[in-house]
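Peer 1: File name start-v2.pdb; file contents PDB, C-alpha atoms; full text below.
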ATOM      1  CA  MET A   1      27.464  -9.424 -21.898
ATOM      2  CA  LYS A   2      24.408 -11.122 -20.406
ATOM      3  CA  LYS A   3      20.953 -10.016 -21.464
ATOM      4  CA  GLN A   4      20.069  -9.134 -17.865
ATOM      5  CA  ASN A   5      23.044  -6.763 -17.627
ATOM      6  CA  VAL A   6      22.230  -5.185 -20.971
ATOM      7  CA  ARG A   7      18.608  -4.695 -19.924
ATOM      8  CA  THR A   8      19.589  -3.189 -16.565
ATOM      9  CA  LEU A   9      22.058  -0.792 -18.191
ATOM     10  CA  SER A  10      19.451   0.163 -20.780
ATOM     11  CA  LEU A  11      16.892   0.862 -18.026
ATOM     12  CA  ILE A  12      19.366   3.091 -16.169
ATOM     13  CA  VAL A  13      20.187   5.078 -19.306
ATOM     14  CA  PHE A  14      16.518   5.338 -20.267
ATOM     15  CA  THR A  15      15.502   6.475 -16.760
ATOM     16  CA  PHE A  16      18.114   9.239 -16.610
ATOM     17  CA  THR A  17      17.183  10.327 -20.135
ATOM     18  CA  TYR A  18      13.523  10.389 -19.080
ATOM     19  CA  LEU A  19      14.425  12.555 -16.078
ATOM     20  CA  LEU A  20      16.373  15.020 -18.228
ATOM     21  CA  VAL A  21      13.560  15.284 -20.774
ATOM     22  CA  GLY A  22      10.989  15.747 -17.988
ATOM     23  CA  ALA A  23      13.053  18.481 -16.344
ATOM     24  CA  ALA A  24      13.333  20.350 -19.657
ATOM     25  CA  ILE A  25       9.577  20.145 -20.291
ATOM     26  CA  PHE A  26       8.669  21.249 -16.744
ATOM     27  CA  ASP A  27      11.074  24.154 -17.110
ATOM     28  CA  VAL A  28       9.297  25.311 -20.244
ATOM     29  CA  LEU A  29       5.807  24.824 -18.790
ATOM     30  CA  GLU A  30       6.192  26.233 -15.273
ATOM     31  CA  SER A  31       9.150  28.607 -14.996
ATOM     32  CA  GLU A  32       7.473  31.676 -16.534
ATOM     33  CA  THR A  33       4.289  31.179 -14.491
ATOM     34  CA  GLU A  34       6.356  30.862 -11.329
ATOM     35  CA  LYS A  35       8.157  34.116 -12.123
ATOM     36  CA  ARG A  36       4.917  36.003 -12.736
ATOM     37  CA  ARG A  37       3.333  34.695  -9.518
ATOM     38  CA  LYS A  38       6.387  35.693  -7.508
ATOM     39  CA  GLU A  39       6.260  39.230  -8.912
ATOM     40  CA  ALA A  40       2.522  39.471  -8.206
ATOM     41  CA  LEU A  41       2.954  38.327  -4.603
ATOM     42  CA  ASP A  42       5.780  40.797  -4.036
ATOM     43  CA  ASP A  43       3.572  43.624  -5.320
ATOM     44  CA  ILE A  44       0.722  42.574  -3.012
ATOM     45  CA  GLU A  45       3.106  42.434  -0.052
ATOM     46  CA  LYS A  46       4.366  45.980  -0.693
ATOM     47  CA  MET A  47       0.807  47.228  -1.147
ATOM     48  CA  VAL A  48      -0.328  45.736   2.189
ATOM     49  CA  ILE A  49       2.680  47.166   3.991
ATOM     50  CA  ARG A  50       1.990  50.670   2.595
ATOM     51  CA  LYS A  51      -1.777  50.497   3.140
ATOM     52  CA  TYR A  52      -1.684  49.423   6.785
ATOM     53  CA  ASN A  53       1.617  51.105   7.596
ATOM     54  CA  ILE A  54       3.269  48.024   9.111
ATOM     55  CA  SER A  55       6.898  47.001   9.096
ATOM     56  CA  GLU A  56       8.301  44.108   7.133
ATOM     57  CA  ASP A  57       8.966  42.228  10.382
ATOM     58  CA  ASP A  58       5.326  42.567  11.418
ATOM     59  CA  PHE A  59       4.256  41.389   7.968
ATOM     60  CA  LYS A  60       6.435  38.262   8.293
ATOM     61  CA  ILE A  61       4.845  37.562  11.682
ATOM     62  CA  MET A  62       1.385  37.816  10.118
ATOM     63  CA  GLU A  63       2.489  35.563   7.275
ATOM     64  CA  THR A  64       3.719  32.928   9.723
ATOM     65  CA  VAL A  65       0.463  33.068  11.677
ATOM     66  CA  VAL A  66      -1.573  32.565   8.489
ATOM     67  CA  LEU A  67       0.517  29.587   7.395
ATOM     68  CA  LYS A  68       0.444  27.937  10.813
ATOM     69  CA  THR A  69      -3.304  28.459  11.154
ATOM     70  CA  GLU A  70      -4.174  26.832   7.824
ATOM     71  CA  PRO A  71      -4.127  23.167   9.032
ATOM     72  CA  HIS A  72      -6.452  24.005  11.948
ATOM     73  CA  LYS A  73      -9.249  24.967   9.558
ATOM     74  CA  ALA A  74      -9.916  21.241   9.107
ATOM     75  CA  GLY A  75     -10.558  20.784  12.810
ATOM     76  CA  GLN A  76      -8.349  19.044  15.344
ATOM     77  CA  GLN A  77      -5.748  17.194  13.292
ATOM     78  CA  TRP A  78      -4.604  14.922  16.111
ATOM     79  CA  LYS A  79      -7.916  13.645  17.383
ATOM     80  CA  PHE A  80      -8.759  10.094  16.303
ATOM     81  CA  ALA A  81     -10.183  10.938  12.857
ATOM     82  CA  GLY A  82      -7.321  13.255  11.953
ATOM     83  CA  ALA A  83      -4.728  10.902  13.464
ATOM     84  CA  PHE A  84      -6.153   8.001  11.457
ATOM     85  CA  TYR A  85      -5.876  10.137   8.312
ATOM     86  CA  TYR A  86      -2.252  10.907   9.197
ATOM     87  CA  ALA A  87      -1.503   7.213   9.852
ATOM     88  CA  ILE A  88      -2.837   6.323   6.390
ATOM     89  CA  THR A  89      -0.580   8.891   4.743
ATOM     90  CA  VAL A  90       2.413   7.388   6.575
ATOM     91  CA  LEU A  91       1.610   3.739   5.864
ATOM     92  CA  THR A  92       0.826   4.387   2.184
ATOM     93  CA  THR A  93       3.827   6.763   1.775
ATOM     94  CA  ILE A  94       1.530   9.473   0.371
ATOM     95  CA  GLY A  95       2.923  12.008   2.817
ATOM     96  CA  TYR A  96       0.788  15.089   2.095
ATOM     97  CA  GLY A  97       2.530  17.124   4.776
ATOM     98  CA  HIS A  98      -0.770  18.732   5.822
ATOM     99  CA  SER A  99      -0.069  17.778   9.428
ATOM    100  CA  THR A 100       3.242  16.786  10.963
ATOM    101  CA  PRO A 101       4.218  15.843  14.526
ATOM    102  CA  ASN A 102       5.645  18.645  16.648
ATOM    103  CA  THR A 103       6.826  16.720  19.702
ATOM    104  CA  ILE A 104       9.998  14.615  19.887
ATOM    105  CA  SER A 105       8.003  11.591  21.027
ATOM    106  CA  GLY A 106       5.633  12.017  18.071
ATOM    107  CA  LYS A 107       8.517  12.206  15.592
ATOM    108  CA  LEU A 108      10.208   9.131  17.088
ATOM    109  CA  PHE A 109       6.989   7.134  17.003
ATOM    110  CA  THR A 110       6.416   8.202  13.381
ATOM    111  CA  MET A 111       9.797   6.752  12.361
ATOM    112  CA  PHE A 112       9.256   3.440  14.146
ATOM    113  CA  TYR A 113       5.641   3.301  12.967
ATOM    114  CA  ALA A 114       6.775   3.787   9.361
ATOM    115  CA  ILE A 115       9.481   1.096   9.611
ATOM    116  CA  VAL A 116       6.820  -1.520  10.362
ATOM    117  CA  GLY A 117       3.844   0.044   8.605
ATOM    118  CA  ILE A 118       5.319   0.726   5.147
ATOM    119  CA  PRO A 119       6.395  -2.902   4.465
ATOM    120  CA  LEU A 120       3.100  -4.091   5.919
ATOM    121  CA  GLY A 121       1.172  -1.797   3.619
ATOM    122  CA  LEU A 122       3.185  -2.839   0.566
ATOM    123  CA  VAL A 123       2.563  -6.518   1.265
ATOM    124  CA  MET A 124      -1.142  -5.915   1.878
ATOM    125  CA  PHE A 125      -1.661  -3.947  -1.338
ATOM    126  CA  GLN A 126       0.407  -6.482  -3.263
ATOM    127  CA  SER A 127      -1.754  -9.317  -1.941
ATOM    128  CA  ILE A 128      -4.975  -7.453  -2.706
ATOM    129  CA  GLY A 129      -3.691  -6.702  -6.194
ATOM    130  CA  GLU A 130      -2.950 -10.355  -6.839
ATOM    131  CA  ARG A 131      -6.444 -11.382  -5.674
ATOM    132  CA  LEU A 132      -7.967  -8.699  -7.881
ATOM    133  CA  ASN A 133      -5.958  -9.903 -10.883
ATOM    134  CA  LYS A 134      -7.069 -13.471 -10.166
ATOM    135  CA  PHE A 135     -10.709 -12.391 -10.020
ATOM    136  CA  SER A 136     -10.276 -10.407 -13.256
ATOM    137  CA  SER A 137      -8.824 -13.457 -15.014
ATOM    138  CA  VAL A 138     -11.874 -15.535 -13.993
ATOM    139  CA  VAL A 139     -14.230 -12.859 -15.308
ATOM    140  CA  ILE A 140     -12.296 -12.624 -18.574
ATOM    141  CA  ARG A 141     -12.441 -16.400 -19.099
ATOM    142  CA  ASN A 142     -16.206 -16.476 -18.487
ATOM    143  CA  VAL A 143     -16.782 -13.575 -20.868
ATOM    144  CA  LYS A 144     -14.715 -15.266 -23.565
ATOM    145  CA  LYS A 145     -16.691 -18.475 -23.102
ATOM    146  CA  LEU A 146     -19.949 -16.572 -23.521
ATOM    147  CA  LEU A 147     -18.587 -14.983 -26.696
ATOM    148  CA  ASN A 148     -17.483 -18.425 -27.985
ATOM    149  CA  CYS A 149     -13.842 -17.373 -28.348
ATOM    150  CA  LYS A 150     -11.331 -20.029 -29.340
ATOM    151  CA  ASP A 151      -8.782 -18.964 -26.726
ATOM    152  CA  VAL A 152     -10.559 -18.534 -23.402
ATOM    153  CA  GLN A 153      -7.424 -17.968 -21.323
ATOM    154  CA  ALA A 154      -6.829 -14.519 -19.851
ATOM    155  CA  SER A 155      -3.634 -13.072 -21.254
ATOM    156  CA  GLU A 156      -1.493 -10.403 -19.631
ATOM    157  CA  ILE A 157      -2.780  -7.833 -22.121
ATOM    158  CA  ASN A 158      -6.365  -8.674 -21.142
ATOM    159  CA  LEU A 159      -5.596  -8.277 -17.445
ATOM    160  CA  ILE A 160      -3.743  -5.002 -17.973
ATOM    161  CA  CYS A 161      -6.656  -3.581 -19.963
ATOM    162  CA  VAL A 162      -9.231  -4.629 -17.354
ATOM    163  CA  VAL A 163      -7.310  -3.377 -14.322
ATOM    164  CA  THR A 164      -6.328  -0.143 -16.057
ATOM    165  CA  THR A 165     -10.001   0.451 -16.885
ATOM    166  CA  LEU A 166     -10.924  -0.128 -13.231
ATOM    167  CA  SER A 167      -8.240   2.352 -12.161
ATOM    168  CA  CYS A 168      -9.582   4.993 -14.545
ATOM    169  CA  LEU A 169     -13.150   4.450 -13.335
ATOM    170  CA  THR A 170     -12.013   4.720  -9.705
ATOM    171  CA  ILE A 171     -10.229   7.996 -10.364
ATOM    172  CA  ALA A 172     -13.165   9.384 -12.361
ATOM    173  CA  GLY A 173     -15.704   8.447  -9.682
ATOM    174  CA  GLY A 174     -13.578   9.774  -6.845
ATOM    175  CA  ALA A 175     -12.972  13.020  -8.712
ATOM    176  CA  ALA A 176     -16.727  13.613  -9.003
ATOM    177  CA  ALA A 177     -17.171  13.232  -5.228
ATOM    178  CA  PHE A 178     -14.193  15.435  -4.309
ATOM    179  CA  SER A 179     -15.310  18.077  -6.793
ATOM    180  CA  ARG A 180     -18.630  18.270  -4.987
ATOM    181  CA  TYR A 181     -17.347  18.264  -1.398
ATOM    182  CA  GLU A 182     -14.216  20.373  -1.863
ATOM    183  CA  GLY A 183     -15.466  22.799  -4.514
ATOM    184  CA  TRP A 184     -12.605  21.966  -6.857
ATOM    185  CA  SER A 185     -12.914  21.836 -10.613
ATOM    186  CA  TYR A 186     -13.341  18.364 -12.057
ATOM    187  CA  PHE A 187      -9.893  18.495 -13.654
ATOM    188  CA  ASP A 188      -8.277  19.498 -10.355
ATOM    189  CA  SER A 189     -10.139  16.647  -8.643
ATOM    190  CA  ILE A 190      -8.794  14.147 -11.191
ATOM    191  CA  TYR A 191      -5.330  15.571 -10.606
ATOM    192  CA  TYR A 192      -5.740  15.149  -6.835
ATOM    193  CA  CYS A 193      -6.949  11.544  -7.182
ATOM    194  CA  PHE A 194      -4.076  10.629  -9.492
ATOM    195  CA  ILE A 195      -1.422  12.239  -7.258
ATOM    196  CA  THR A 196      -2.936  10.501  -4.238
ATOM    197  CA  LEU A 197      -3.375   6.992  -5.648
ATOM    198  CA  THR A 198       0.109   6.962  -7.149
ATOM    199  CA  THR A 199       1.410   7.970  -3.663
ATOM    200  CA  ILE A 200       3.137  11.056  -5.059
ATOM    201  CA  GLY A 201       1.325  13.200  -2.504
ATOM    202  CA  PHE A 202       2.559  16.730  -3.274
ATOM    203  CA  GLY A 203       0.290  18.237  -0.648
ATOM    204  CA  ASP A 204      -0.754  21.202  -2.807
ATOM    205  CA  MET A 205      -4.301  19.843  -2.741
ATOM    206  CA  VAL A 206      -5.451  17.866   0.306
ATOM    207  CA  ALA A 207      -8.973  16.721   1.092
ATOM    208  CA  LEU A 208     -10.656  17.225   4.487
ATOM    209  CA  GLN A 209      -8.792  20.467   5.161
ATOM    210  CA  LYS A 210     -11.550  23.072   5.358
ATOM    211  CA  ASP A 211     -14.909  23.800   6.999
ATOM    212  CA  ASN A 212     -13.930  21.726  10.028
ATOM    213  CA  ALA A 213     -14.569  18.619   7.913
ATOM    214  CA  LEU A 214     -12.852  16.194  10.286
ATOM    215  CA  ASN A 215     -15.408  16.987  12.990
ATOM    216  CA  ASN A 216     -18.556  17.968  11.087
ATOM    217  CA  LYS A 217     -18.583  15.609   8.074
ATOM    218  CA  PRO A 218     -18.025  12.057   9.296
ATOM    219  CA  GLU A 219     -19.546  10.517   6.149
ATOM    220  CA  TYR A 220     -17.138  12.497   3.953
ATOM    221  CA  VAL A 221     -14.205  11.494   6.158
ATOM    222  CA  MET A 222     -15.179   7.832   5.846
ATOM    223  CA  PHE A 223     -15.532   8.124   2.075
ATOM    224  CA  ALA A 224     -12.145   9.815   1.679
ATOM    225  CA  LEU A 225     -10.319   7.179   3.761
ATOM    226  CA  ILE A 226     -12.019   4.230   2.037
ATOM    227  CA  PHE A 227     -11.340   5.797  -1.358
ATOM    228  CA  ILE A 228      -7.618   6.076  -0.606
ATOM    229  CA  LEU A 229      -7.292   2.482   0.613
ATOM    230  CA  PHE A 230      -9.500   0.913  -2.070
ATOM    231  CA  GLY A 231      -8.057   3.065  -4.842
ATOM    232  CA  LEU A 232      -4.486   2.199  -3.870
ATOM    233  CA  ALA A 233      -5.351  -1.505  -4.088
ATOM    234  CA  ILE A 234      -6.744  -1.018  -7.622
ATOM    235  CA  VAL A 235      -3.735   0.979  -8.804
ATOM    236  CA  ALA A 236      -1.373  -1.500  -7.125
ATOM    237  CA  ALA A 237      -2.948  -4.312  -9.122
ATOM    238  CA  SER A 238      -2.378  -2.414 -12.354
ATOM    239  CA  LEU A 239       1.213  -1.498 -11.542
ATOM    240  CA  ASN A 240       1.861  -5.048 -10.334
ATOM    241  CA  LEU A 241       1.105  -6.425 -13.802
ATOM    242  CA  LEU A 242       3.341  -3.896 -15.530
ATOM    243  CA  VAL A 243       6.287  -4.409 -13.172
ATOM    244  CA  LEU A 244       5.821  -8.188 -13.115
ATOM    245  CA  ARG A 245       6.313  -8.330 -16.861
ATOM    246  CA  PHE A 246       9.788  -6.795 -16.632
ATOM    247  CA  VAL A 247      10.718  -8.947 -13.628
ATOM    248  CA  THR A 248       9.738 -12.170 -15.394
ATOM    249  CA  MET A 249      11.865 -11.196 -18.388
ATOM    250  CA  ASN A 250      14.961 -11.112 -16.172
ATOM    251  CA  THR A 251      13.949 -14.346 -14.437
ATOM    252  CA  GLU A 252      13.502 -16.162 -17.745
ATOM    253  CA  ASP A 253      16.953 -15.060 -18.905
ATOM    254  CA  GLU A 254      18.541 -16.222 -15.639
ATOM    255  CA  ARG A 255      16.889 -19.648 -15.899
ATOM    256  CA  ARG A 256      18.028 -19.963 -19.500
ATOM    257  CA  ASP A 257      21.621 -19.157 -18.510
ATOM    258  CA  GLU A 258      21.495 -21.706 -15.683
ATOM    259  CA  ALA A 259      20.206 -24.394 -18.050
ATOM    260  CA  GLU A 260      22.983 -23.652 -20.535
ATOM    261  CA  ALA A 261      25.589 -23.820 -17.750
ATOM    262  CA  LEU A 262      24.268 -27.196 -16.570
ATOM    263  CA  GLN A 263      24.257 -28.529 -20.102
ATOM    264  CA  ALA A 264      27.837 -27.378 -20.638
ATOM    265  CA  ALA A 265      28.886 -29.098 -17.418
ATOM    266  CA  GLN A 266      27.766 -32.539 -18.645
ATOM    267  CA  GLY A 267      30.706 -34.913 -19.142
ATOM    268  CA  ALA A 268      33.195 -32.491 -17.610
ATOM    269  CA  VAL A 269      36.430 -33.891 -16.091
ATOM    270  CA  ARG A 270      36.636 -33.275 -12.360
ATOM    271  CA  LEU A 271      39.693 -33.301 -10.116
ATOM    272  CA  GLU A 272      39.093 -34.746  -6.664
ATOM    273  CA  GLY A 273      42.246 -34.358  -4.644
ATOM    274  CA  ASP A 274      44.986 -36.157  -6.615
ATOM    275  CA  VAL A 275      42.690 -38.476  -8.602
ATOM    276  CA  ILE A 276      41.547 -37.604 -12.121
ATOM    277  CA  THR A 277      37.981 -38.806 -12.507
ATOM    278  CA  ALA A 278      35.449 -38.754 -15.302
ATOM    279  CA  ASN A 279      31.799 -38.903 -14.181
ATOM    280  CA  GLY A 280      33.039 -39.807 -10.704
ATOM    281  CA  SER A 281      35.026 -42.988 -11.594
ATOM    282  CA  ILE A 282      38.765 -43.409 -10.876
ATOM    283  CA  LEU A 283      40.862 -43.892 -13.975
ATOM    284  CA  SER A 284      44.228 -44.804 -12.504
ATOM    285  CA  GLY A 285      46.581 -44.216  -9.585
ATOM    286  CA  GLN A 286      46.283 -44.694  -5.862
ATOM    287  CA  VAL A 287      46.278 -42.143  -3.112
ATOM    288  CA  GLY A 288      48.033 -42.793   0.179
ATOM    289  CA  ASN A 289      46.695 -42.038   3.573
ATOM    290  CA  HIS A 290      48.119 -38.531   3.525
ATOM    291  CA  GLY A 291      47.816 -37.938  -0.184
ATOM    292  CA  ASP A 292      51.556 -37.414  -0.620
ATOM    293  CA  THR A 293      52.179 -39.244  -3.917
ATOM    294  CA  ILE A 294      50.109 -40.404  -6.863
ATOM    295  CA  SER A 295      51.453 -42.160  -9.941
ATOM    296  CA  LEU A 296      49.890 -42.671 -13.332
ATOM    297  CA  ASP A 297      50.891 -45.910 -15.025
ATOM    298  CA  ASP A 298      52.920 -45.586 -18.239
ATOM    299  CA  GLU A 299      50.451 -47.466 -20.379
ATOM    300  CA  THR A 300      47.310 -45.943 -18.919
ATOM    301  CA  SER A 301      45.392 -43.465 -21.036
ATOM    302  CA  VAL A 302      42.346 -41.356 -20.543
ATOM    303  CA  CYS A 303      41.535 -41.522 -24.227
ATOM    304  CA  SER A 304      37.978 -42.578 -24.956
ATOM    305  CA  CYS A 305      38.713 -44.244 -28.291
ATOM    306  CA  CYS A 306      39.605 -47.937 -28.840
ATOM    307  CA  CYS A 307      43.324 -47.567 -29.508
ATOM    308  CA  SER A 308      44.822 -49.813 -26.805
ATOM    309  CA  GLY A 309      47.073 -51.573 -29.306
ATOM    310  CA  PHE A 310      48.636 -48.348 -30.381
ATOM    311  CA  GLN A 311      48.990 -47.302 -26.783
ATOM    312  CA  LYS A 312      51.202 -50.306 -25.994
ATOM    313  CA  LYS A 313      53.560 -49.516 -28.859
ATOM    314  CA  ARG A 314      54.282 -46.051 -27.567
ATOM    315  CA  ARG A 315      55.321 -45.633 -23.975
ATOM    316  CA  ARG A 316      53.909 -42.634 -22.229
ATOM    317  CA  PRO A 317      56.035 -40.723 -19.745
ATOM    318  CA  ARG A 318      55.518 -41.325 -16.048
ATOM    319  CA  PHE A 319      53.942 -38.516 -14.049
ATOM    320  CA  THR A 320      54.180 -38.122 -10.284
ATOM    321  CA  VAL A 321      52.322 -35.636  -8.074
ATOM    322  CA  ARG A 322      54.312 -35.090  -4.908
ATOM    323  CA  ARG A 323      51.694 -33.198  -2.934
ATOM    324  CA  SER A 324      47.901 -33.037  -3.015
ATOM    325  CA  PRO A 325      46.688 -29.723  -4.434
ATOM    326  CA  GLY A 326      43.397 -30.025  -2.582
ATOM    327  CA  LYS A 327      39.930 -30.269  -4.021
ATOM    328  CA  ILE A 328      38.856 -28.192  -6.990
ATOM    329  CA  SER A 329      35.178 -27.522  -6.591
ATOM    330  CA  HIS A 330      34.447 -25.930  -9.945
ATOM    331  CA  LEU A 331      33.878 -27.839 -13.148
ATOM    332  CA  LEU A 332      36.400 -27.998 -15.985
ATOM    333  CA  PRO A 333      35.437 -28.514 -19.646
ATOM    334  CA  ALA A 334      35.779 -32.062 -20.989
ATOM    335  CA  VAL A 335      39.180 -32.840 -22.563
ATOM    336  CA  GLU A 336      40.069 -35.815 -24.728
ATOM    337  CA  TYR A 337      43.621 -36.996 -25.265
ATOM    338  CA  THR A 338      44.347 -38.611 -28.644
ATOM    339  CA  GLN A 339      47.398 -40.547 -29.600
TER     340      GLN A 339
END
Could you quickly redo this structure as structure tokens?

Peer 2:
Amino acid sequence: MKKQNVRTLSLIVFTFTYLLVGAAIFDVLESETEKRRKEALDDIEKMVIRKYNISEDDFKIMETVVLKTEPHKAGQQWKFAGAFYYAITVLTTIGYGHSTPNTISGKLFTMFYAIVGIPLGLVMFQSIGERLNKFSSVVIRNVKKLLNCKDVQASEINLICVVTTLSCLTIAGGAAAFSRYEGWSYFDSIYYCFITLTTIGFGDMVALQKDNALNNKPEYVMFALIFILFGLAIVAASLNLLVLRFVTMNTEDERRDEAEALQAAQGAVRLEGDVITANGSILSGQVGNHGDTISLDDETSVCSCCCSGFQKKRRRPRFTVRRSPGKISHLLPAVEYTQ
């Protein structure tokens, strides 16, 4: 089995194993907390119903109103600032879900907009990541020269370390700003930045969603949008190096297999119609206009050794091909006939 196939199968098995292990760990960490929160919310619901003497149907109506009103606390979601925020979440595939189109025309446009915008965004971030990696390699070479290192070339490990450090600094700096503007804890802000820049986008924590921020805090809106775009470029550069390493491993194996196949094909005997050729030269026989009959002379041999005298002493049988089998395009291994 080829190395590429073995590696692909190993990645599939490892990924599914990783998913199973992750599911087991999340079950242990979150299931009990989820159960306790559900029981607490049910108790609060019963208490509110008893205190204000309302029916369960009225309570569900109030619950729906509260949930539907939540996005409007940020201001008008579909004015230009909010619409630009939504467009970024579509193009970058973050998909918070904080605001979604309600009209049929809006949903249709979202689908067509995503078809063009998502590939465009991927190409843009990939290109920015490559330029950033190129710039990092230049900086690394200059630093090594200043330190009088023997090897001044920037290795993949050097680039991964530099870009990963930049990603961590970006997340740490962004978390400090979001902690101040949103009132989140610093850990929750780091969590939000990581979920955003990796385009996971759960939507449990979304910036610009309170105190009418979209309308009253234009500087904060600008910072949040620039942070998302710039941060995604930094993270894309880091992930690009990690993924590129695995891709090049497959490419190297494919090139090695192709080189071995070409080397094995050297000196192979090819069949062109009814004529047996070696390296493209005709050994014996003639083909008619319609390729009906070909004859190999009795004393003709395709042996590569100098044994013509022995060939004349022994008569070889006469072979006749009555009909042309057509061209054989693939290569056959070299065969030598000895007397």

Peer 1: Pull the closest atom pair for each residue of segment 146-190 of chain A that gets at most 12 Å from segment 120-129 of chain A, along with the distance in Å to one decimal, counting only C-alpha atoms, ordering rows by chain and then ascending residue number, as CSV.

Peer 2:
residue,atom,partner,partner_atom,distance
A:Leu159,CA,A:Gly129,CA,11.5
A:Ile160,CA,A:Gly129,CA,11.9
A:Val163,CA,A:Gly129,CA,9.5
A:Ser167,CA,A:Gly129,CA,11.8

Peer 1: Pull out every residue that the PyMOL selection byres ((chain A and resi 73) around 9) matches in the shown coordinates and put them as a list of chain:residue names.

Peer 2: A:Thr69, A:Glu70, A:Pro71, A:His72, A:Ala74, A:Gly75, A:Gln76, A:Gln209, A:Lys210, A:Asp211, A:Asn212, A:Ala213

Peer 1: If the PyMOL selection byres ((chain A and resi 166) around 12) were run on this exact file, what residues would it hold? Put them as an MDAnalysis selection string.

Peer 2: chainID A and resid 132:133 136 159:165 167:173 230:238

Peer 1: Figure out the distance between atom CA of Gly22 of chain A and atom CA of Asp42 of chain A, please, to one decimal in Å.

Peer 2: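 These atoms are spaced 29.1 Å apart.
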
Peer 1: With distances taken over only C-alpha atoms, which of A:Glu182, A:Glu34, A:Glu130, A:Glu258 is nearest to Asn240 of chain A?

Peer 2: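 Using only C-alpha atoms, the shortest distance to Asn240 of chain A belongs to A:Glu130.
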
Peer 1: Would you mind telling me which residue in A:Glu32, A:Leu244, A:Phe59, A:Phe194 lies nearest to Phe227 of chain A when using all atoms listed in the file?

Peer 2: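 Ranked by minimum distance to Phe227 of chain A, first place goes to A:Phe194.
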
Peer 1: Mind pulling up the distance from atom CA of Val66 of chain A to atom CA of Gly106 of chain A?

Peer 2: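 A separation of 23.8 Å between them.
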
Peer 1: Considering only C-alpha atoms, return as a list in words whatever protein or nucleic-acid residues lie within 12 Å of Ile49 of chain A, sequence-local ones (same chain, fewer than 6 positions apart) excluded.

Peer 2: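 Near neighbours after the sequence-gap exclusion: Asp42, Asp43, Ser55, Glu56, Asp57, Asp58, Phe59, Lys60 and Met62 of chain A.
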
Peer 1: Could you write out the selected residues, including C-alpha atoms, as an mmCIF file, in the frame of the given file?

Peer 2:
data_model
loop_
_atom_site.group_PDB
_atom_site.id
_atom_site.type_symbol
_atom_site.label_atom_id
_atom_site.label_comp_id
_atom_site.auth_asym_id
_atom_site.auth_seq_id
_atom_site.Cartn_x
_atom_site.Cartn_y
_atom_site.Cartn_z
ATOM 1 C CA ASP A 42 5.780 40.797 -4.036
ATOM 2 C CA ASP A 43 3.572 43.624 -5.320
ATOM 3 C CA SER A 55 6.898 47.001 9.096
ATOM 4 C CA GLU A 56 8.301 44.108 7.133
ATOM 5 C CA ASP A 57 8.966 42.228 10.382
ATOM 6 C CA ASP A 58 5.326 42.567 11.418
ATOM 7 C CA PHE A 59 4.256 41.389 7.968
ATOM 8 C CA LYS A 60 6.435 38.262 8.293
ATOM 9 C CA MET A 62 1.385 37.816 10.118
#

Peer 1: Can you tell me how far atom CA of Val13 of chain A sits from atom CA of Asp27 of chain A, in Å to one decimal?

Peer 2: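 According to the coordinates, atom CA of Val13 of chain A and atom CA of Asp27 of chain A are separated by 21.3 Å.
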
Peer 1: Can I get the residues of segment 143-221 of chain A within 9 Å of segment 77-85 of chain A, each with the closest pair of atoms and their distance in Å to one decimal, using all atoms listed in the file, sorted chain first then ascending number, as a tab-separated table?

Peer 2:
residue	atom	partner	partner_atom	distance
A:Leu214	CA	A:Ala81	CA	6.4
A:Asn215	CA	A:Ala81	CA	8.0
A:Pro218	CA	A:Ala81	CA	8.7
A:Val221	CA	A:Ala81	CA	7.8

Peer 1: With all atoms listed in the file counted, which protein, DNA or RNA residues have an atom no more than 7 Å from (-4.4, 15.6, -2.5) in the file frame? Please answer as a VMD selection string.

Peer 2: chain A and resid 96 192 to 193 195 to 196 201 203 to 207

Peer 1: Would you save the residues from that selection as a PDB file, in the frame of the given file, using C-alpha atoms?

Peer 2:
ATOM      1  CA  TYR A  96       0.788  15.089   2.095  1.00  0.00           C
ATOM      2  CA  TYR A 192      -5.740  15.149  -6.835  1.00  0.00           C
ATOM      3  CA  CYS A 193      -6.949  11.544  -7.182  1.00  0.00           C
ATOM      4  CA  ILE A 195      -1.422  12.239  -7.258  1.00  0.00           C
ATOM      5  CA  THR A 196      -2.936  10.501  -4.238  1.00  0.00           C
ATOM      6  CA  GLY A 201       1.325  13.200  -2.504  1.00  0.00           C
ATOM      7  CA  GLY A 203       0.290  18.237  -0.648  1.00  0.00           C
ATOM      8  CA  ASP A 204      -0.754  21.202  -2.807  1.00  0.00           C
ATOM      9  CA  MET A 205      -4.301  19.843  -2.741  1.00  0.00           C
ATOM     10  CA  VAL A 206      -5.451  17.866   0.306  1.00  0.00           C
ATOM     11  CA  ALA A 207      -8.973  16.721   1.092  1.00  0.00           C
TER      12      ALA A 207
END
